[in-house]
Structure formats: C-alpha cells, structure tokens
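> This is the structure I have questions about; it appears just below.
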Amino acid sequence: MIDKLSWITVYPEIVLLIMACVILLVDLGSKTPQRTGTYALTLLTLAVVATMEAFYAVGGQTIYGFGNMVVSDPMGNWLKCFASVATMVSLVYGRPYAADRGMLRGGEYFTLSLFALLGMFVMISGHNFLVIYMGLELLTLSSYALVALRRDDATSSEAAMKYFVLGALASGFLLYGLSMLYGATGSLDVNEVFSAIASRQVKHQVLVFGLVFIVAGLAFKLGAVPFHMWLPDVYQGAPTAVTLLIGGAPQLAAFAIVIRLLVEGLLPLAIDWQQMLALMAIGSLLVGNLAAVAQTNLKRMLAFSTISQMGFLLLGLMAGVVNGNQINAESAYGASMFYVVTYVLTTLAAFGIILLLARAGHESEEISDLAGLNQRSPLYAGVMAISMLSLAGLPPLVGFYAKLGVLQALIASEKTSYLVLAIFAVIMSLIGAFYYLRVVKVMYFDAPHRHNAQPISAPADAKAVLAINGALILILGIAPGGLMTLCAQSISSIIKSLGA
C-alpha cells in the first residue's frame, strides 16, 4: 500500500477527461448524420480506459494518492472497468435509436456520456467526502442533460425536470449528512473518519443524525424505497438510449460509494445503518414487485424491477457485519458486488432489445409490442427471454447465482431476523417471476400485431454485441465461479485494510 502523491491513481481519469474534450472538438467538424467518427473515437476511448483499469485491477495493488483523497484498489478498478464496458455497450445499442430521433445532430450524446462516466470514476476512486461528492455531481449533472437531450419532446423535458428536482434534494441530503460527520469528526478523509468513530470519543447521537441523511442520499441514487419516486417516471420519460445509460453503469458507481462511505468510513456504526438498510430492502422488495405486476409499459416495469433488485442488493450489504463481527463481510459484500455487476449485464441486454426494436416514429416500449417476437427474430426473443429469466432468478442463468449468493450470506449470519428476511426475499422473488414470465409468454405465444409485422433490422455491431451480451448471461450462470472469486478477492483487500 502506497500513501503519497501518486499520479498513477488517476491516469485513467486523465485519459478520459482529455479524450472527452478532444472528441467534443473533433465533433465540431463532423458532418455525417450518424456521427461515425465521433462514435468510433468514443468507443476507442472507452476500450483503452477499460483496458487500463483491468491492468491495474490484475496488479491487485492498493495505492492512495493526492493526500489520501483518491484510491486505486482492485474493487474500484474492476468496477471502473465494468462501467466503461457498460457505457460502451449502451452507446452501441443506443446509436441507431438516437440517430432516428435527431439526438446526434450534435455530439452531446457521446461527450455527455463520457463526462458521466468520468463522474462515476471519481465517485468510485474517491476516498474523501468532497471528492466523492464532486464525482456524484458530475454524474448527475451529465445525466440531467442527457435526459433532456430531446429538447422538443415534452415527455423527456418533464422527466428531466423531475430528475433534477428530486436529484437536487437527494444531493442536499447527502451533503448535509457528510457535513454533520465532518463537524463531528473534524475530517473529510474516509480512513480518519473511521478511526475517529472507532475511538468512541464522538457523540453517537450526532453521528447517527448525519448517518440518516447519508443513507437517504445513497438510497435515492440506488432507487430504493422510499426514495424511489423518480425512477419509474424518469425511466419511462427519458429517451430509451438515455434510460440505458442512467440505469446501467451508474449502479456500479452507486454500489462503490455505498462501500466507501458505509463500510470503509462508517463501519463502527453498522448496527445503526443495518437497520435502515433492512427497512429499505423490505420496502423495495415489496413495492417493486407488487407495482411491477400492474405495469403495461416495459420500461416502467423494468424500473419497478430495478427497485426490487436493489432490495436484494441492500440485503447483501446489511449481512456483512453480525453483532459487530466482520467474519461474514467478505462473502456478503462480494455477493453484493457480484449481484450489481450481473444485474447491469442483464439490464444492458433487456434495454438493448427495446432499443433495437424501436424505429423512427415508434418506440416499441409496451409489453404488447413484443407480441410474436420469436416469429420475427428468434435471436431477439432468445436474448430477451434469457434476460427476463435471469432477472427472475431462474437457474442456470447468472441471476439465480446472484440471488443465491445474497441469500447464503444472510443465512450464514445465523441470525433469526436475517433468516426471516431471506424467506421474505424468496417469496417476493416468486411474485416477481410472474411479470418476467409474462414478457416471455407474450414473445412466444401471442400473435404479432399488424404494426409490428415489419422486418427487424439493426447494425451489425449492435447485433454482435447483443449476441455476446446474451451469451454471457448464460455462460456466467453455468460457470459463475470466476466472477464470484474476482468479486470476493476485490472486497477482501478492503476488509483487510479495516483490520478485519
């Protein structure tokens, strides 16, 4: 572990920032409607950054830089690598959709995506309250602009306004909570805050007061109940290409700041934030699954599905510490990391199908629009079925092992209350299976509508990425061990640094 000014901790961020500015300037001279040059340069940038992060992650070293304000560790490096790949896949799926709706008249779609990714990088690497907040604001401001990218569309503008107002409120909660912790501990450094709280020389009431606001802000970013109000409206109202950008990779960054703040910084307060996470998990599983059953819009259904999936993620996060003991931490947090990575992988495929089925003048986002899809394209129907069944948690798909890992972490705690939560989660999953299986039934057993009888066409790169995406969901379900081990090892370096 190195604790000094170290530029190596921010090389990928520097490359991403420089290339985002270069792409913005290069795009000024682009005259093609498809923005081919900008698109290719963006994908090349993302590939280079993902490779750099993978190289750092394989090294397995934890390096602090800039006075401990940023950290480069295996968990952060892998999450940034996966976020880069997720953004790349989102842009591949979204370019035809964006071109058909005039969203590529300028290069903002690509450059804002890169700046949003830069915000995620800063969030994931941040080891100081201000750095984490700066990354969060860069991500959210870029996301607001992306949602409002179709300026002539009233629905998108309304979704952007809702997102902005509620997002600003959540950011205020988080910032107020962080300021309370700063006032109580006298430091913005995550490690120093941990040491100050562990010393038990700070008033517990002040810490818990700040903790409540921090958990509320984090819950909004995750889309957990009761801070989920924005999710269905924004998912449905935003252009689908943007919905995928804000519903995929940012979940990885949200998971990272939960680990940085609650585990690395506030672990001595685990008994307090575990109770909050438990209530939010129960609410998310209940509201997400029950509300999704009533939806006819596929994007809105997937939004409530996301809420329920975040409930499972919260269960894994709260199972890491049992009665002040961290013996379960590596398996529980590793299972949570595995869960969020595989969730993003599956979400990419599901929204990719919605994007590739859309055409000029028709969104194809109602569940009924998928009627008879298997007759029109067995590939699309197969990938969508794999995605839905994985989200439902059916074997041998990767979603089953993601849910199983979280449930095993709960049961391993040997607490009766956690066992009850595991049983509740299984019951909610059975309810959730209904609306996922309904989509499969519509694709394979319903007759296609007349307006959907047109042949399906998509660029070769999107088709290839879609096939790989679907295959990974199946392959990682059959052989999940490698990714599970990677997640557990990434978390173990953090647990060791805490003295567990």
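By convention in this document, the chains of the structure tokens carry letters A, B, ... by their order, each chain's residues are numbered from 1, and ligands are numbered from 1 in the order they are shown.
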Would you give me, as an MDAnalysis selection string, the residues in segment 59-207 of chain A that DSSP reads as helix (DSSP H, G or I)?
chainID A and resid 59 74:100 108:125 129:147 154:185 190:198 204:207
> Show which residues sit within 9 Å of Met276 of chain A, as a list in words. Count only C-alpha atoms, and ignore same-chain residues fewer than 5 positions away.
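In the requested form, the answer reads Val212, Val215 and Ala281 of chain A.
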> Which one is closest to Tyr93 of chain A: A:Ser284, A:Thr140, A:Ser171, A:Thr243? Count only C-alpha atoms.
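Once distances to Tyr93 of chain A are computed over only C-alpha atoms, the minimum belongs to A:Thr243.
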> Can you build me a table of segment 213-286 of chain A residues sitting at most 12 Å from segment 311-318 of chain A, with the closest atom pair per residue and its distance in Å to one decimal, using only C-alpha atoms, sorted by chain and residue number, as JSON lines?

```
{"residue": "A:Val215", "atom": "CA", "partner": "A:Leu314", "partner_atom": "CA", "distance": 11.4}
{"residue": "A:Leu218", "atom": "CA", "partner": "A:Leu314", "partner_atom": "CA", "distance": 11.1}
{"residue": "A:Ala219", "atom": "CA", "partner": "A:Leu314", "partner_atom": "CA", "distance": 9.5}
{"residue": "A:Leu222", "atom": "CA", "partner": "A:Leu314", "partner_atom": "CA", "distance": 9.4}
{"residue": "A:Gly223", "atom": "CA", "partner": "A:Gly311", "partner_atom": "CA", "distance": 9.3}
{"residue": "A:Ala224", "atom": "CA", "partner": "A:Gly311", "partner_atom": "CA", "distance": 6.8}
{"residue": "A:Val225", "atom": "CA", "partner": "A:Gly311", "partner_atom": "CA", "distance": 8.4}
{"residue": "A:Pro226", "atom": "CA", "partner": "A:Gly311", "partner_atom": "CA", "distance": 11.3}
{"residue": "A:His228", "atom": "CA", "partner": "A:Gly311", "partner_atom": "CA", "distance": 11.3}
{"residue": "A:Gln251", "atom": "CA", "partner": "A:Leu313", "partner_atom": "CA", "distance": 10.7}
{"residue": "A:Leu252", "atom": "CA", "partner": "A:Leu313", "partner_atom": "CA", "distance": 11.4}
{"residue": "A:Ala254", "atom": "CA", "partner": "A:Leu313", "partner_atom": "CA", "distance": 11.3}
{"residue": "A:Phe255", "atom": "CA", "partner": "A:Leu313", "partner_atom": "CA", "distance": 8.9}
{"residue": "A:Ala256", "atom": "CA", "partner": "A:Leu317", "partner_atom": "CA", "distance": 11.4}
{"residue": "A:Val258", "atom": "CA", "partner": "A:Leu317", "partner_atom": "CA", "distance": 8.8}
{"residue": "A:Ile259", "atom": "CA", "partner": "A:Leu317", "partner_atom": "CA", "distance": 8.5}
{"residue": "A:Leu262", "atom": "CA", "partner": "A:Leu317", "partner_atom": "CA", "distance": 9.4}
{"residue": "A:Val263", "atom": "CA", "partner": "A:Leu317", "partner_atom": "CA", "distance": 9.0}
{"residue": "A:Leu267", "atom": "CA", "partner": "A:Met318", "partner_atom": "CA", "distance": 10.9}
{"residue": "A:Leu269", "atom": "CA", "partner": "A:Met318", "partner_atom": "CA", "distance": 11.8}
{"residue": "A:Ala270", "atom": "CA", "partner": "A:Met318", "partner_atom": "CA", "distance": 8.2}
{"residue": "A:Ile271", "atom": "CA", "partner": "A:Met318", "partner_atom": "CA", "distance": 9.2}
{"residue": "A:Asp272", "atom": "CA", "partner": "A:Met318", "partner_atom": "CA", "distance": 10.4}
{"residue": "A:Trp273", "atom": "CA", "partner": "A:Met318", "partner_atom": "CA", "distance": 8.0}
{"residue": "A:Gln274", "atom": "CA", "partner": "A:Met318", "partner_atom": "CA", "distance": 5.1}
{"residue": "A:Gln275", "atom": "CA", "partner": "A:Met318", "partner_atom": "CA", "distance": 8.1}
{"residue": "A:Met276", "atom": "CA", "partner": "A:Met318", "partner_atom": "CA", "distance": 9.1}
{"residue": "A:Leu277", "atom": "CA", "partner": "A:Leu314", "partner_atom": "CA", "distance": 6.0}
{"residue": "A:Ala278", "atom": "CA", "partner": "A:Leu315", "partner_atom": "CA", "distance": 6.7}
{"residue": "A:Leu279", "atom": "CA", "partner": "A:Gly311", "partner_atom": "CA", "distance": 9.5}
{"residue": "A:Met280", "atom": "CA", "partner": "A:Gly311", "partner_atom": "CA", "distance": 7.0}
{"residue": "A:Ala281", "atom": "CA", "partner": "A:Gly311", "partner_atom": "CA", "distance": 4.1}
{"residue": "A:Ile282", "atom": "CA", "partner": "A:Gly311", "partner_atom": "CA", "distance": 6.7}
{"residue": "A:Gly283", "atom": "CA", "partner": "A:Gly311", "partner_atom": "CA", "distance": 7.6}
{"residue": "A:Ser284", "atom": "CA", "partner": "A:Gly311", "partner_atom": "CA", "distance": 4.9}
{"residue": "A:Leu285", "atom": "CA", "partner": "A:Gly311", "partner_atom": "CA", "distance": 5.2}
{"residue": "A:Leu286", "atom": "CA", "partner": "A:Gly311", "partner_atom": "CA", "distance": 8.8}
```
> Next, dump the selected residues to file, keeping only N, CA, C and O atoms, as a tab-separated table (two decimals), in the first residue's frame.

```
chain	number	residue	atom	x	y	z
A	215	VAL	N	-27.62	7.95	4.40
A	215	VAL	CA	-28.33	6.78	3.89
A	215	VAL	C	-29.48	7.19	2.97
A	215	VAL	O	-29.74	6.55	1.95
A	218	LEU	N	-27.93	8.09	-0.39
A	218	LEU	CA	-27.49	6.88	-1.09
A	218	LEU	C	-28.68	6.07	-1.60
A	218	LEU	O	-28.63	5.50	-2.70
A	219	ALA	N	-29.76	6.03	-0.82
A	219	ALA	CA	-30.96	5.29	-1.24
A	219	ALA	C	-31.55	5.88	-2.51
A	219	ALA	O	-32.04	5.15	-3.38
A	222	LEU	N	-29.53	4.70	-5.45
A	222	LEU	CA	-29.81	3.30	-5.75
A	222	LEU	C	-31.23	3.08	-6.26
A	222	LEU	O	-31.51	2.07	-6.91
A	223	GLY	N	-32.13	4.02	-5.94
A	223	GLY	CA	-33.53	3.84	-6.31
A	223	GLY	C	-34.28	2.94	-5.34
A	223	GLY	O	-35.18	2.21	-5.74
A	224	ALA	N	-33.90	3.01	-4.07
A	224	ALA	CA	-34.53	2.16	-3.05
A	224	ALA	C	-35.70	2.89	-2.40
A	224	ALA	O	-35.69	4.12	-2.27
A	225	VAL	N	-36.72	2.13	-1.99
A	225	VAL	CA	-37.87	2.68	-1.28
A	225	VAL	C	-37.39	3.23	0.07
A	225	VAL	O	-36.56	2.59	0.73
A	226	PRO	N	-37.85	4.40	0.54
A	226	PRO	CA	-38.91	5.25	-0.01
A	226	PRO	C	-38.42	6.38	-0.90
A	226	PRO	O	-39.13	7.37	-1.07
A	228	HIS	N	-37.66	6.19	-4.15
A	228	HIS	CA	-37.70	5.58	-5.48
A	228	HIS	C	-38.60	6.35	-6.45
A	228	HIS	O	-38.73	5.96	-7.60
A	251	GLN	N	-25.22	2.29	-11.59
A	251	GLN	CA	-25.48	1.41	-10.46
A	251	GLN	C	-24.17	0.88	-9.86
A	251	GLN	O	-24.08	0.64	-8.65
A	252	LEU	N	-23.18	0.68	-10.72
A	252	LEU	CA	-21.86	0.24	-10.24
A	252	LEU	C	-21.22	1.31	-9.38
A	252	LEU	O	-20.62	1.02	-8.33
A	254	ALA	N	-22.84	3.70	-7.77
A	254	ALA	CA	-23.63	3.83	-6.54
A	254	ALA	C	-23.22	2.77	-5.53
A	254	ALA	O	-23.09	3.05	-4.32
A	255	PHE	N	-23.00	1.55	-6.00
A	255	PHE	CA	-22.53	0.49	-5.11
A	255	PHE	C	-21.17	0.87	-4.50
A	255	PHE	O	-20.94	0.65	-3.30
A	256	ALA	N	-20.30	1.44	-5.32
A	256	ALA	CA	-18.96	1.80	-4.83
A	256	ALA	C	-19.02	2.83	-3.71
A	256	ALA	O	-18.32	2.70	-2.70
A	258	VAL	N	-21.47	3.40	-1.69
A	258	VAL	CA	-22.03	2.76	-0.50
A	258	VAL	C	-20.93	2.04	0.27
A	258	VAL	O	-20.84	2.14	1.50
A	259	ILE	N	-20.07	1.33	-0.44
A	259	ILE	CA	-18.95	0.64	0.21
A	259	ILE	C	-17.98	1.64	0.81
A	259	ILE	O	-17.53	1.49	1.97
A	262	LEU	N	-20.28	3.67	3.84
A	262	LEU	CA	-20.84	2.88	4.93
A	262	LEU	C	-19.87	1.85	5.48
A	262	LEU	O	-19.85	1.60	6.69
A	263	VAL	N	-19.07	1.23	4.61
A	263	VAL	CA	-18.16	0.17	5.07
A	263	VAL	C	-16.80	0.74	5.47
A	263	VAL	O	-16.34	0.56	6.59
A	267	LEU	N	-18.22	1.89	9.27
A	267	LEU	CA	-18.45	0.53	9.73
A	267	LEU	C	-18.71	0.43	11.24
A	267	LEU	O	-19.51	-0.39	11.67
A	269	LEU	N	-20.55	2.16	12.88
A	269	LEU	CA	-21.97	2.47	13.05
A	269	LEU	C	-22.86	1.45	12.35
A	269	LEU	O	-24.03	1.72	12.08
A	270	ALA	N	-22.31	0.28	12.05
A	270	ALA	CA	-23.04	-0.72	11.27
A	270	ALA	C	-24.37	-1.09	11.89
A	270	ALA	O	-25.37	-1.27	11.18
A	271	ILE	N	-24.41	-1.20	13.21
A	271	ILE	CA	-25.65	-1.61	13.86
A	271	ILE	C	-26.77	-0.60	13.60
A	271	ILE	O	-27.96	-0.95	13.62
A	272	ASP	N	-26.40	0.66	13.32
A	272	ASP	CA	-27.39	1.70	13.02
A	272	ASP	C	-27.80	1.67	11.56
A	272	ASP	O	-29.00	1.68	11.24
A	273	TRP	N	-26.82	1.64	10.64
A	273	TRP	CA	-27.23	1.68	9.23
A	273	TRP	C	-27.77	0.35	8.74
A	273	TRP	O	-28.52	0.30	7.75
A	274	GLN	N	-27.46	-0.75	9.42
A	274	GLN	CA	-28.06	-2.03	9.02
A	274	GLN	C	-29.57	-2.01	9.19
A	274	GLN	O	-30.31	-2.55	8.36
A	275	GLN	N	-30.05	-1.40	10.26
A	275	GLN	CA	-31.50	-1.32	10.48
A	275	GLN	C	-32.17	-0.50	9.39
A	275	GLN	O	-33.27	-0.85	8.93
A	276	MET	N	-31.53	0.58	8.97
A	276	MET	CA	-32.09	1.41	7.89
A	276	MET	C	-32.12	0.63	6.58
A	276	MET	O	-33.12	0.66	5.84
A	277	LEU	N	-31.02	-0.06	6.28
A	277	LEU	CA	-30.97	-0.85	5.04
A	277	LEU	C	-32.01	-1.96	5.05
A	277	LEU	O	-32.60	-2.28	4.01
A	278	ALA	N	-32.24	-2.55	6.23
A	278	ALA	CA	-33.23	-3.63	6.32
A	278	ALA	C	-34.63	-3.12	5.98
A	278	ALA	O	-35.37	-3.75	5.20
A	279	LEU	N	-34.99	-1.96	6.53
A	279	LEU	CA	-36.31	-1.39	6.24
A	279	LEU	C	-36.44	-1.02	4.76
A	279	LEU	O	-37.48	-1.27	4.13
A	280	MET	N	-35.38	-0.45	4.20
A	280	MET	CA	-35.43	-0.08	2.78
A	280	MET	C	-35.48	-1.31	1.88
A	280	MET	O	-36.15	-1.32	0.84
A	281	ALA	N	-34.78	-2.37	2.28
A	281	ALA	CA	-34.79	-3.60	1.49
A	281	ALA	C	-36.18	-4.22	1.47
A	281	ALA	O	-36.69	-4.64	0.43
A	282	ILE	N	-36.82	-4.26	2.65
A	282	ILE	CA	-38.18	-4.82	2.72
A	282	ILE	C	-39.14	-3.99	1.86
A	282	ILE	O	-39.93	-4.54	1.08
A	283	GLY	N	-39.06	-2.67	2.00
A	283	GLY	CA	-39.93	-1.80	1.21
A	283	GLY	C	-39.68	-1.92	-0.28
A	283	GLY	O	-40.62	-1.94	-1.09
A	284	SER	N	-38.40	-2.02	-0.68
A	284	SER	CA	-38.05	-2.12	-2.10
A	284	SER	C	-38.56	-3.42	-2.71
A	284	SER	O	-39.10	-3.44	-3.81
A	285	LEU	N	-38.36	-4.52	-2.00
A	285	LEU	CA	-38.84	-5.81	-2.49
A	285	LEU	C	-40.36	-5.83	-2.61
A	285	LEU	O	-40.92	-6.34	-3.59
A	286	LEU	N	-41.04	-5.24	-1.63
A	286	LEU	CA	-42.50	-5.26	-1.61
A	286	LEU	C	-43.08	-4.34	-2.69
A	286	LEU	O	-43.86	-4.77	-3.55
```
> Rank nothing, just name the residue among A:Tyr39, A:Phe209, A:Tyr444, A:Phe55 nearest to Leu373 of chain A, using only C-alpha atoms.
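Ranking A:Tyr39, A:Phe209, A:Tyr444, A:Phe55 by distance to Leu373 of chain A, first place goes to A:Tyr444.
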> Taking 3 positions as the minimum chain separation for residues in the same chain, which residues sit within 12 Å of segment 58-66 of chain A when counting only C-alpha atoms? Answer as an MDAnalysis selection string.
chainID A and resid 1:11 51:55 69:78 81 125:128 131 189:191 486 489:494 496:497
> Tell me, as JSON, numbers by chain, which residues lie within 10 Å of segment 388-391 of chain A, counting only C-alpha atoms; anything in the same chain fewer than 5 positions away does not count.
{"A": [302, 305, 306, 309, 342, 343, 346, 347, 349, 350, 382, 383, 396, 397, 398, 399, 400, 401, 402, 403, 429, 432, 433, 435, 436, 437, 438, 439, 440, 473, 474, 477]}
